[in-house]
>>> print(open('structure_14.cif').read())   # mmCIF, C-alpha atoms
data_my_file
loop_
_atom_site.group_PDB
_atom_site.id
_atom_site.type_symbol
_atom_site.label_atom_id
_atom_site.label_comp_id
_atom_site.auth_asym_id
_atom_site.auth_seq_id
_atom_site.Cartn_x
_atom_site.Cartn_y
_atom_site.Cartn_z
ATOM 1 C CA SER A 1 -11.981 -32.470 -51.826
ATOM 2 C CA VAL A 2 -10.903 -36.040 -51.094
ATOM 3 C CA THR A 3 -11.848 -37.599 -47.773
ATOM 4 C CA CYS A 4 -9.887 -40.551 -46.428
ATOM 5 C CA GLY A 5 -10.766 -42.757 -43.490
ATOM 6 C CA ASP A 6 -13.949 -43.177 -41.514
ATOM 7 C CA SER A 7 -16.488 -40.365 -42.079
ATOM 8 C CA SER A 8 -18.715 -41.321 -39.147
ATOM 9 C CA PRO A 9 -18.952 -39.041 -36.100
ATOM 10 C CA LYS A 10 -16.811 -41.454 -34.096
ATOM 11 C CA GLY A 11 -14.234 -41.572 -36.866
ATOM 12 C CA ARG A 12 -14.164 -37.796 -37.193
ATOM 13 C CA ALA A 13 -13.676 -37.418 -33.434
ATOM 14 C CA SER A 14 -10.809 -39.920 -33.529
ATOM 15 C CA GLY A 15 -9.279 -38.099 -36.472
ATOM 16 C CA GLU A 16 -9.491 -34.713 -34.718
ATOM 17 C CA THR A 17 -7.905 -36.169 -31.605
ATOM 18 C CA GLY A 18 -5.167 -37.750 -33.668
ATOM 19 C CA ASN A 19 -4.550 -34.516 -35.555
ATOM 20 C CA PHE A 20 -4.210 -32.600 -32.268
ATOM 21 C CA ALA A 21 -1.751 -35.137 -30.919
ATOM 22 C CA TRP A 22 0.224 -35.061 -34.196
ATOM 23 C CA THR A 23 0.275 -31.276 -34.143
ATOM 24 C CA ALA A 24 1.582 -31.206 -30.570
ATOM 25 C CA LYS A 25 4.333 -33.701 -31.480
ATOM 26 C CA ALA A 26 5.197 -32.219 -34.867
ATOM 27 C CA SER A 27 5.137 -28.621 -33.727
ATOM 28 C CA PRO A 28 8.606 -27.128 -33.222
ATOM 29 C CA PHE A 29 7.413 -25.907 -29.810
ATOM 30 C CA GLY A 30 6.396 -29.360 -28.496
ATOM 31 C CA ARG A 31 4.000 -29.778 -25.602
ATOM 32 C CA GLY A 32 6.208 -27.774 -23.235
ATOM 33 C CA GLY A 33 6.774 -25.125 -25.890
ATOM 34 C CA ILE A 34 3.037 -24.680 -26.403
ATOM 35 C CA ALA A 35 2.554 -24.120 -22.676
ATOM 36 C CA GLN A 36 5.396 -21.622 -22.669
ATOM 37 C CA ALA A 37 3.982 -19.811 -25.690
ATOM 38 C CA MET A 38 0.557 -19.617 -24.030
ATOM 39 C CA THR A 39 2.149 -18.233 -20.834
ATOM 40 C CA GLU A 40 4.020 -15.583 -22.791
ATOM 41 C CA ARG A 41 0.843 -14.668 -24.634
ATOM 42 C CA ALA A 42 -1.025 -14.309 -21.355
ATOM 43 C CA SER A 43 1.745 -12.081 -20.008
ATOM 44 C CA LEU A 44 1.542 -9.860 -23.072
ATOM 45 C CA LEU A 45 -2.220 -9.702 -22.734
ATOM 46 C CA ILE A 46 -1.974 -8.696 -19.089
ATOM 47 C CA PHE A 47 0.781 -6.114 -19.332
ATOM 48 C CA GLU A 48 0.323 -4.689 -22.826
ATOM 49 C CA ASP A 49 0.142 -0.914 -22.517
ATOM 50 C CA LYS A 50 -2.583 -0.606 -25.148
ATOM 51 C CA LEU A 51 -4.964 -2.675 -23.037
ATOM 52 C CA MET A 52 -4.319 -1.029 -19.673
ATOM 53 C CA ASP A 53 -4.767 2.417 -18.238
ATOM 54 C CA TRP A 54 -1.796 2.797 -15.901
ATOM 55 C CA TYR A 55 -3.229 5.782 -14.045
ATOM 56 C CA PRO A 56 -4.419 3.673 -11.055
ATOM 57 C CA LEU A 57 -0.836 2.476 -10.525
ATOM 58 C CA TRP A 58 0.633 5.974 -10.649
ATOM 59 C CA ASN A 59 -2.123 7.354 -8.445
ATOM 60 C CA SER A 60 -1.789 4.564 -5.877
ATOM 61 C CA LEU A 61 1.989 4.968 -5.669
ATOM 62 C CA ARG A 62 1.905 8.727 -5.157
ATOM 63 C CA ILE A 63 -0.853 8.451 -2.557
ATOM 64 C CA ALA A 64 1.059 5.722 -0.704
ATOM 65 C CA LEU A 65 4.375 7.608 -0.836
ATOM 66 C CA ILE A 66 2.910 10.919 0.338
ATOM 67 C CA SER A 67 0.933 9.196 3.068
ATOM 68 C CA CYS A 68 3.953 7.171 4.149
ATOM 69 C CA ALA A 69 6.109 10.298 4.394
ATOM 70 C CA ALA A 70 3.494 12.051 6.532
ATOM 71 C CA VAL A 71 2.904 9.006 8.724
ATOM 72 C CA PHE A 72 6.654 8.512 9.176
ATOM 73 C CA PHE A 73 7.148 11.851 10.925
ATOM 74 C CA LEU A 74 3.769 11.913 12.678
ATOM 75 C CA GLY A 75 4.200 8.377 13.978
ATOM 76 C CA ILE A 76 7.745 8.958 15.234
ATOM 77 C CA PHE A 77 6.780 12.250 16.881
ATOM 78 C CA ALA A 78 3.770 10.733 18.646
ATOM 79 C CA ALA A 79 5.618 7.557 19.649
ATOM 80 C CA TYR A 80 8.607 9.445 21.063
ATOM 81 C CA TYR A 81 6.633 11.779 23.299
ATOM 82 C CA ILE A 82 3.839 9.403 24.304
ATOM 83 C CA ALA A 83 6.392 6.778 25.386
ATOM 84 C CA LYS A 84 7.538 9.228 28.100
ATOM 85 C CA LEU A 85 4.052 9.870 29.519
ATOM 86 C CA PRO A 86 2.560 8.189 32.598
ATOM 87 C CA ARG A 87 1.011 4.780 32.056
ATOM 88 C CA THR A 88 -2.605 5.942 32.433
ATOM 89 C CA VAL A 89 -2.271 8.818 29.975
ATOM 90 C CA LYS A 90 -0.335 6.583 27.605
ATOM 91 C CA GLY A 91 -3.100 3.973 27.695
ATOM 92 C CA VAL A 92 -5.819 6.499 26.874
ATOM 93 C CA LEU A 93 -3.854 7.991 23.973
ATOM 94 C CA ASP A 94 -3.032 4.522 22.667
ATOM 95 C CA VAL A 95 -6.724 3.700 22.439
ATOM 96 C CA ILE A 96 -7.489 6.931 20.588
ATOM 97 C CA LEU A 97 -4.576 6.767 18.159
ATOM 98 C CA THR A 98 -4.882 3.078 17.314
ATOM 99 C CA LEU A 99 -8.662 3.029 17.006
ATOM 100 C CA PRO A 100 -8.592 3.337 13.179
ATOM 101 C CA MET A 101 -6.642 0.074 13.059
ATOM 102 C CA VAL A 102 -9.585 -1.928 14.440
ATOM 103 C CA LEU A 103 -12.492 0.096 13.063
ATOM 104 C CA PRO A 104 -14.012 -0.982 9.736
ATOM 105 C CA PRO A 105 -12.535 1.135 6.925
ATOM 106 C CA THR A 106 -16.005 2.298 5.921
ATOM 107 C CA VAL A 107 -16.529 3.704 9.421
ATOM 108 C CA VAL A 108 -13.247 5.585 9.110
ATOM 109 C CA GLY A 109 -14.431 6.910 5.744
ATOM 110 C CA TYR A 110 -17.704 8.002 7.278
ATOM 111 C CA PHE A 111 -15.915 10.028 9.976
ATOM 112 C CA LEU A 112 -13.673 11.582 7.328
ATOM 113 C CA LEU A 113 -16.731 12.654 5.361
ATOM 114 C CA LEU A 114 -18.145 14.235 8.514
ATOM 115 C CA LEU A 115 -14.891 16.166 8.872
ATOM 116 C CA PHE A 116 -13.950 17.044 5.288
ATOM 117 C CA GLY A 117 -17.330 17.009 3.536
ATOM 118 C CA ALA A 118 -18.168 20.000 1.336
ATOM 119 C CA LYS A 119 -21.060 20.934 3.633
ATOM 120 C CA ARG A 120 -19.109 20.448 6.852
ATOM 121 C CA PRO A 121 -17.354 23.355 8.603
ATOM 122 C CA LEU A 122 -13.798 22.355 7.676
ATOM 123 C CA GLY A 123 -14.612 21.347 4.118
ATOM 124 C CA LEU A 124 -16.784 24.429 3.613
ATOM 125 C CA PHE A 125 -13.994 26.678 4.915
ATOM 126 C CA PHE A 126 -11.446 25.352 2.400
ATOM 127 C CA LEU A 127 -13.980 25.477 -0.422
ATOM 128 C CA GLU A 128 -15.012 29.095 0.227
ATOM 129 C CA HIS A 129 -11.588 30.565 1.038
ATOM 130 C CA PHE A 130 -9.249 28.532 -1.156
ATOM 131 C CA GLY A 131 -11.557 26.968 -3.717
ATOM 132 C CA VAL A 132 -10.281 23.520 -2.717
ATOM 133 C CA LYS A 133 -12.677 20.610 -2.436
ATOM 134 C CA LEU A 134 -11.326 18.135 0.100
ATOM 135 C CA VAL A 135 -13.443 15.180 -1.001
ATOM 136 C CA MET A 136 -13.847 13.301 -4.301
ATOM 137 C CA ASN A 137 -10.371 14.252 -5.515
ATOM 138 C CA TRP A 138 -7.230 12.150 -5.861
ATOM 139 C CA TYR A 139 -5.617 13.808 -2.840
ATOM 140 C CA SER A 140 -8.667 12.985 -0.736
ATOM 141 C CA ALA A 141 -7.353 9.423 -0.576
ATOM 142 C CA ILE A 142 -4.246 10.755 1.190
ATOM 143 C CA PHE A 143 -6.352 11.665 4.227
ATOM 144 C CA ALA A 144 -7.807 8.163 4.349
ATOM 145 C CA SER A 145 -4.419 6.498 3.890
ATOM 146 C CA ILE A 146 -2.813 8.583 6.632
ATOM 147 C CA VAL A 147 -5.552 7.756 9.122
ATOM 148 C CA VAL A 148 -5.515 3.985 8.508
ATOM 149 C CA ALA A 149 -1.709 3.683 8.225
ATOM 150 C CA PHE A 150 -0.784 5.873 11.187
ATOM 151 C CA PRO A 151 -1.545 3.270 13.914
ATOM 152 C CA LEU A 152 0.864 0.768 12.349
ATOM 153 C CA MET A 153 3.711 3.268 12.286
ATOM 154 C CA TYR A 154 2.919 4.626 15.731
ATOM 155 C CA ARG A 155 2.687 1.282 17.538
ATOM 156 C CA THR A 156 5.800 -0.129 15.892
ATOM 157 C CA ALA A 157 7.873 2.991 16.553
ATOM 158 C CA ARG A 158 6.652 3.253 20.142
ATOM 159 C CA GLY A 159 7.689 -0.329 20.827
ATOM 160 C CA ALA A 160 11.135 0.418 19.392
ATOM 161 C CA PHE A 161 11.546 3.547 21.527
ATOM 162 C CA GLU A 162 10.423 1.762 24.683
ATOM 163 C CA SER A 163 13.065 -0.943 24.162
ATOM 164 C CA PHE A 164 15.821 1.656 23.689
ATOM 165 C CA ASP A 165 18.577 1.639 26.320
ATOM 166 C CA GLU A 166 18.324 5.099 27.889
ATOM 167 C CA THR A 167 21.847 4.862 29.317
ATOM 168 C CA LEU A 168 23.124 5.553 25.803
ATOM 169 C CA ALA A 169 21.219 8.855 25.758
ATOM 170 C CA TRP A 170 22.408 9.753 29.244
ATOM 171 C CA SER A 171 25.995 9.064 28.250
ATOM 172 C CA ALA A 172 25.652 11.363 25.255
ATOM 173 C CA GLN A 173 24.186 14.078 27.492
ATOM 174 C CA THR A 174 27.214 13.923 29.771
ATOM 175 C CA LEU A 175 29.323 14.633 26.688
ATOM 176 C CA GLY A 176 27.355 17.811 26.048
ATOM 177 C CA GLN A 177 25.288 16.600 23.104
ATOM 178 C CA SER A 178 21.860 18.153 22.489
ATOM 179 C CA ASN A 179 18.608 16.185 22.595
ATOM 180 C CA THR A 180 18.190 16.680 18.846
ATOM 181 C CA TRP A 181 21.641 15.255 18.158
ATOM 182 C CA ILE A 182 20.984 12.333 20.492
ATOM 183 C CA PHE A 183 17.650 11.607 18.851
ATOM 184 C CA TRP A 184 18.955 11.456 15.280
ATOM 185 C CA ARG A 185 22.456 10.090 15.931
ATOM 186 C CA VAL A 186 21.850 7.691 18.819
ATOM 187 C CA ARG A 187 18.190 6.850 19.333
ATOM 188 C CA MET A 188 17.074 6.520 15.710
ATOM 189 C CA PRO A 189 19.973 4.272 14.597
ATOM 190 C CA CYS A 190 19.359 1.967 17.565
ATOM 191 C CA CYS A 191 15.643 1.808 16.767
ATOM 192 C CA ARG A 192 16.026 1.541 13.006
ATOM 193 C CA GLN A 193 14.651 -1.997 12.816
ATOM 194 C CA GLY A 194 11.317 -1.007 14.349
ATOM 195 C CA ILE A 195 11.191 2.251 12.392
ATOM 196 C CA LEU A 196 11.866 0.430 9.125
ATOM 197 C CA ALA A 197 9.240 -2.199 9.871
ATOM 198 C CA GLY A 198 6.660 0.458 10.723
ATOM 199 C CA THR A 199 7.424 2.419 7.571
ATOM 200 C CA VAL A 200 7.019 -0.612 5.332
ATOM 201 C CA LEU A 201 3.792 -1.653 7.047
ATOM 202 C CA ALA A 202 2.437 1.873 6.703
ATOM 203 C CA PHE A 203 3.332 2.001 3.000
ATOM 204 C CA ALA A 204 1.741 -1.384 2.335
ATOM 205 C CA ARG A 205 -1.396 -0.413 4.239
ATOM 206 C CA ALA A 206 -1.688 2.882 2.364
ATOM 207 C CA LEU A 207 -1.151 1.143 -0.982
ATOM 208 C CA GLY A 208 -3.904 -1.382 -0.313
ATOM 209 C CA GLU A 209 -6.438 0.959 1.282
ATOM 210 C CA TYR A 210 -9.917 0.633 -0.197
ATOM 211 C CA GLY A 211 -12.839 1.161 2.208
ATOM 212 C CA ALA A 212 -12.174 4.682 3.456
ATOM 213 C CA THR A 213 -10.724 5.716 0.093
ATOM 214 C CA SER A 214 -13.833 4.646 -1.807
ATOM 215 C CA MET A 215 -16.003 6.770 0.491
ATOM 216 C CA ILE A 216 -13.962 9.962 0.551
ATOM 217 C CA ALA A 217 -12.399 9.873 -2.932
ATOM 218 C CA GLY A 218 -14.843 7.685 -4.879
ATOM 219 C CA TYR A 219 -13.938 6.109 -8.199
ATOM 220 C CA THR A 220 -13.457 8.209 -11.313
ATOM 221 C CA PRO A 221 -11.238 6.725 -14.058
ATOM 222 C CA GLY A 222 -8.292 8.983 -14.751
ATOM 223 C CA ARG A 223 -8.932 11.123 -11.659
ATOM 224 C CA THR A 224 -9.392 9.234 -8.402
ATOM 225 C CA ALA A 225 -8.945 5.583 -9.426
ATOM 226 C CA THR A 226 -6.518 3.498 -7.365
ATOM 227 C CA ILE A 227 -5.495 -0.133 -7.741
ATOM 228 C CA ALA A 228 -7.871 -1.258 -5.000
ATOM 229 C CA THR A 229 -10.897 0.648 -6.300
ATOM 230 C CA THR A 230 -10.121 -0.363 -9.885
ATOM 231 C CA VAL A 231 -10.057 -4.053 -8.997
ATOM 232 C CA TYR A 232 -13.474 -3.770 -7.388
ATOM 233 C CA GLN A 233 -15.005 -1.787 -10.245
ATOM 234 C CA LEU A 234 -13.659 -4.172 -12.889
ATOM 235 C CA TRP A 235 -14.930 -7.164 -10.944
ATOM 236 C CA ARG A 236 -18.311 -5.491 -10.456
ATOM 237 C CA THR A 237 -18.622 -5.020 -14.219
ATOM 238 C CA ASN A 238 -17.689 -8.680 -14.865
ATOM 239 C CA ASP A 239 -14.286 -7.774 -16.295
ATOM 240 C CA GLU A 240 -12.431 -10.519 -14.466
ATOM 241 C CA LEU A 241 -9.426 -10.423 -16.771
ATOM 242 C CA GLY A 242 -8.982 -6.709 -16.170
ATOM 243 C CA ALA A 243 -9.291 -7.223 -12.425
ATOM 244 C CA MET A 244 -6.723 -10.025 -12.548
ATOM 245 C CA ARG A 245 -4.262 -7.734 -14.317
ATOM 246 C CA TRP A 246 -4.347 -5.282 -11.431
ATOM 247 C CA VAL A 247 -4.258 -8.058 -8.850
ATOM 248 C CA LEU A 248 -1.019 -9.311 -10.408
ATOM 249 C CA VAL A 249 0.424 -5.793 -10.470
ATOM 250 C CA ASP A 250 -0.397 -5.372 -6.783
ATOM 251 C CA ILE A 251 1.139 -8.749 -5.925
ATOM 252 C CA VAL A 252 4.355 -7.833 -7.745
ATOM 253 C CA ILE A 253 4.642 -4.514 -5.894
ATOM 254 C CA SER A 254 4.007 -6.166 -2.531
ATOM 255 C CA ALA A 255 6.567 -8.897 -3.238
ATOM 256 C CA VAL A 256 9.204 -6.313 -4.216
ATOM 257 C CA VAL A 257 8.598 -4.304 -1.035
ATOM 258 C CA LEU A 258 8.867 -7.379 1.198
ATOM 259 C CA LEU A 259 11.979 -8.562 -0.640
ATOM 260 C CA ALA A 260 13.623 -5.167 -0.131
ATOM 261 C CA VAL A 261 12.846 -5.271 3.598
ATOM 262 C CA ASN A 262 14.307 -8.758 3.943
ATOM 263 C CA LEU A 263 17.476 -7.712 2.125
ATOM 264 C CA LEU A 264 17.864 -4.641 4.345
ATOM 265 C CA GLU A 265 17.407 -6.718 7.487
ATOM 266 C CA LYS A 266 20.009 -9.246 6.357
ATOM 267 C CA LYS A 267 22.414 -6.441 5.515
ATOM 268 C CA GLN A 268 21.941 -4.801 8.910
ATOM 269 C CA LYS A 269 22.376 -8.099 10.756
ATOM 270 C CA ALA A 270 25.533 -8.834 8.792
ATOM 271 C CA GLY A 271 26.891 -5.375 9.549
ATOM 272 C CA GLY A 272 26.178 -5.801 13.263
ATOM 273 C CA ARG A 273 28.215 -8.995 13.608
ATOM 274 C CA PRO A 274 31.537 -8.680 15.374
#
>>> encode(input="structure_14.cif", output="structure tokens")
Amino acid sequence: SVTCGDSSPKGRASGETGNFAWTAKASPFGRGGIAQAMTERASLLIFEDKLMDWYPLWNSLRIALISCAAVFFLGIFAAYYIAKLPRTVKGVLDVILTLPMVLPPTVVGYFLLLLFGAKRPLGLFFLEHFGVKLVMNWYSAIFASIVVAFPLMYRTARGAFESFDETLAWSAQTLGQSNTWIFWRVRMPCCRQGILAGTVLAFARALGEYGATSMIAGYTPGRTATIATTVYQLWRTNDELGAMRWVLVDIVISAVVLLAVNLLEKKQKAGGRP
């Protein structure tokens, strides 16, 4: 081979630097194109199906949706009836029902293990009579998600019901409408903002639940793995790129949910204008 120019270390370093600069200028991509190509490559690396097991996403979504559906009806039922109780009784029930919101998630998981554990009365009953193990299965995370998400739905719905103008219900009663009709046709539409906010908060909380879920459902790839538990396990095994993939997936889901809520609120406000 023929070598031109300075062969000293300093000369070689200058030549390599010059070659890099020439390549960046001569490349059809250009400096901005190289950055774009690297970004696209990173996106392919993060979201390429061959490199990711999508089970945690599917499992997290079904757990969050089932939990959200259960919390929706439980929270509305509790908020509607507790809002009518005397102040003292209401205060005591509020403390009991919202306690999981302030307790550490691991403490909630510990109490769930005491209740649903295979050697506990309730867990043993289901195992002996139905052959169903209530812990260390994918559906075990539903129990944890319901417990931690319920306070958000309950408190938000109760605040909406307490701000409801009862004269609307009384007017409907004078027209001979039943309490069920009034609840679904009058009360719920008037309280839809609070109900919607509580539902979204409950879904987001269930989707991001980790502490109680890790204790009652554990982490088994392809069986009980969720996004939250997968991120921790990948980070614990020094797979930071894998953890970042799931972090980005979670961020995208959260952003879509919040965007949908904002669009619904704008639509409702626009529809309510005279």
>>> closest_residue(input="structure_14.cif", among="A:Ser140, A:Thr224, A:Thr167, A:Ser60", to="A:Asp250", atoms="all atoms listed in the file")
A:Ser60
>>> atom_distance(input="structure_14.cif", atom1="atom CA of A:Arg205", atom2="atom CA of A:Asp53")
22.9 Å
>>> resolve_selection(input="structure_14.cif", expression="the PyMOL selection byres ((chain A and resi 148) around 9)", output="compact mmCIF listing (two decimals) with C-alpha atoms, in the frame of the given file")
# COMPACT_ATOMS: atom_id res chain seq x y z
CA THR A 98 -4.88 3.08 17.31
CA PRO A 100 -8.59 3.34 13.18
CA MET A 101 -6.64 0.07 13.06
CA PRO A 105 -12.54 1.14 6.92
CA VAL A 108 -13.25 5.58 9.11
CA PHE A 143 -6.35 11.66 4.23
CA ALA A 144 -7.81 8.16 4.35
CA SER A 145 -4.42 6.50 3.89
CA ILE A 146 -2.81 8.58 6.63
CA VAL A 147 -5.55 7.76 9.12
CA ALA A 149 -1.71 3.68 8.22
CA PHE A 150 -0.78 5.87 11.19
CA PRO A 151 -1.54 3.27 13.91
CA LEU A 152 0.86 0.77 12.35
CA ALA A 202 2.44 1.87 6.70
CA ARG A 205 -1.40 -0.41 4.24
CA ALA A 206 -1.69 2.88 2.36
CA GLU A 209 -6.44 0.96 1.28
CA ALA A 212 -12.17 4.68 3.46
>>> atom_distance(input="structure_14.cif", atom1="atom CA of A:Ile82", atom2="atom CA of A:Glu162")
10.1 Å
>>> closest_residue(input="structure_14.cif", among="A:Met153, A:Ile253, A:Val135, A:Met215", to="A:Leu74", atoms="all atoms listed in the file")
A:Met153
>>> resolve_selection(input="structure_14.cif", expression="the PyMOL selection byres ((chain A and resi 182) around 12)", output="PyMOL selection string")
chain A and resi 166-181+183-190
>>> closest_residue(input="structure_14.cif", among="A:Ala78, A:Thr213, A:Val256, A:Asn137", to="A:Gly109", atoms="all atoms listed in the file")
A:Thr213
>>> decode(input="structure_14.cif", residues="stretch 246-264 of chain A", atoms="N, CA and C atoms", output="CSV table (one decimal), in the first residue's frame")
chain,number,residue,atom,x,y,z
A,246,TRP,N,-38.9,-0.6,27.9
A,246,TRP,CA,-40.2,-0.6,28.5
A,246,TRP,C,-40.5,0.7,29.2
A,247,VAL,N,-39.6,1.4,29.6
A,247,VAL,CA,-39.8,2.8,30.1
A,247,VAL,C,-40.5,3.6,29.0
A,248,LEU,N,-39.9,3.6,27.8
A,248,LEU,CA,-40.5,4.3,26.7
A,248,LEU,C,-41.9,3.9,26.4
A,249,VAL,N,-42.1,2.6,26.4
A,249,VAL,CA,-43.5,2.1,26.1
A,249,VAL,C,-44.5,2.6,27.2
A,250,ASP,N,-44.1,2.6,28.4
A,250,ASP,CA,-44.9,3.1,29.5
A,250,ASP,C,-45.2,4.6,29.3
A,251,ILE,N,-44.2,5.3,29.0
A,251,ILE,CA,-44.4,6.8,28.8
A,251,ILE,C,-45.4,7.0,27.6
A,252,VAL,N,-45.2,6.3,26.5
A,252,VAL,CA,-46.1,6.5,25.4
A,252,VAL,C,-47.6,6.2,25.8
A,253,ILE,N,-47.8,5.1,26.6
A,253,ILE,CA,-49.2,4.7,27.0
A,253,ILE,C,-49.7,5.8,27.9
A,254,SER,N,-48.9,6.3,28.8
A,254,SER,CA,-49.4,7.3,29.8
A,254,SER,C,-49.7,8.6,29.0
A,255,ALA,N,-48.9,9.0,28.0
A,255,ALA,CA,-49.1,10.2,27.3
A,255,ALA,C,-50.4,10.1,26.5
A,256,VAL,N,-50.7,8.9,25.9
A,256,VAL,CA,-51.9,8.7,25.1
A,256,VAL,C,-53.1,8.8,26.0
A,257,VAL,N,-53.1,8.2,27.2
A,257,VAL,CA,-54.2,8.3,28.1
A,257,VAL,C,-54.5,9.7,28.5
A,258,LEU,N,-53.4,10.5,28.9
A,258,LEU,CA,-53.6,11.9,29.3
A,258,LEU,C,-54.1,12.7,28.1
A,259,LEU,N,-53.6,12.5,26.9
A,259,LEU,CA,-54.1,13.2,25.8
A,259,LEU,C,-55.6,12.9,25.5
A,260,ALA,N,-56.0,11.7,25.6
A,260,ALA,CA,-57.4,11.3,25.5
A,260,ALA,C,-58.3,12.1,26.5
A,261,VAL,N,-57.8,12.1,27.7
A,261,VAL,CA,-58.6,12.8,28.8
A,261,VAL,C,-58.8,14.3,28.4
A,262,ASN,N,-57.7,14.9,28.0
A,262,ASN,CA,-57.7,16.3,27.7
A,262,ASN,C,-58.6,16.6,26.5
A,263,LEU,N,-58.6,15.7,25.5
A,263,LEU,CA,-59.5,15.9,24.4
A,263,LEU,C,-61.0,15.8,24.8
A,264,LEU,N,-61.3,14.8,25.7
A,264,LEU,CA,-62.6,14.6,26.1
A,264,LEU,C,-63.1,15.8,26.9
